[in-house]
Amino acid sequence: MLVLLPPSETKAPGGDGAPLDLTALTAPELTGVRTEIAEALVKLADDVPASRAALGLSPKQDAEITRNAQLWTSPTRPALERYTGVLYDALDVGSMTRAQRGRADRRLAVGSALFGLVRGHDRIPAYRLSAGSALPGLPSLRALWRPVLSPVLADVDELVVDLRSGSYAALAPVPGAVTVDVVSERPDGSRSVVSHFNKAHKGRVARLLALTTAEPTDVVRLRSLLRRAGLHVEHDGGTALILVVPAS
């Protein structure tokens, strides 16, 4: 089972790993596009106003531009420790045992605007680049990634659970992947799409899937696994699951 996670805009600082080595990352066939985007991002950092405009940053976020400028020289850390925020707080890799962390590293991967795809153990630096960003002189990130990343994901010969947000899923859709939508249900039975806590619920699902010793091979078995864990999950056919949570 491969679980695809969205990245986060926020990143943990520092690290104790050697500087970025793109050839050491998962899916080395992505190295060419990774290099092209990384070099463009570092070059863009020389122009602070242009970086702010391209990356959607305010002057108070200029430290993010400095991070991009130091992309080739700053220390690295495993991807599952680099990304932070609501989803990764719920995933809570820091509380996992060594065996659990090993399973998480094998099962979890993060969609990235800069790297395309990284596994949990891949060492990466802090950076700032979102799927919707437009880098001067380059095609859209979607145009860059889809031709090379789509075949990589299509070659995955296990169940894919795609928890990426829409903009990252658009970089390289995975036909046949299981998706999970989160809806809240009020006492009167009415429902609405969860927005604010969506990431937290997906983080809990990701943690469950990272830690289970089960190996679901299709959407029905995955639904059963989630239900046994106490989640209210509905499936009306196809590959989409609906996680129903009480309205807060």
# chains A, B, ... in the order shown; residues from 1 in each chain; ligands from 1
$ select_by_dssp --residues "range 168-218 of chain A" --states "strand (DSSP E or B)" --output "list in words"
Val178, Thr179, Val180, Asp181, Val182, Val183, Ser184, Glu185, Arg191, Ser192 and Val193 of chain A
$ residues_around --residues "Trp72 in chain A" --least-positions-apart "6" --cutoff "12 Å" --atoms "only C-alpha atoms" --output "list in words"
Ala18, Pro19, Leu20, Asp21, Leu22, Thr35, Ala38, Glu39, Leu41, Val42, Lys43, Thr66, Ile124, Pro125, Ala126 and Tyr127 of chain A
$ atom_distance --atom1 "CA of Thr26 in chain A" --atom2 "CA of Gly116 in chain A"
9.8 Å
$ atom_distance --atom1 "CA of Pro78 in chain A" --atom2 "CA of Val160 in chain A"
21.4 Å
$ closest_residue --among "A:Leu171, A:Ile65, A:Leu4, A:Leu30" --to "Ala45 in chain A" --atoms "only C-alpha atoms"
A:Ile65
$ residues_around --residues "Ser184 in chain A" --least-positions-apart "4" --cutoff "10 Å" --atoms "only C-alpha atoms" --output "list of chain:residue names"
A:Gly189, A:Ser190, A:Arg191, A:Ser192, A:Val193, A:Val194, A:Ser195, A:Phe197, A:Asn198, A:Leu243, A:Val244, A:Val245, A:Pro246, A:Ala247, A:Ser248
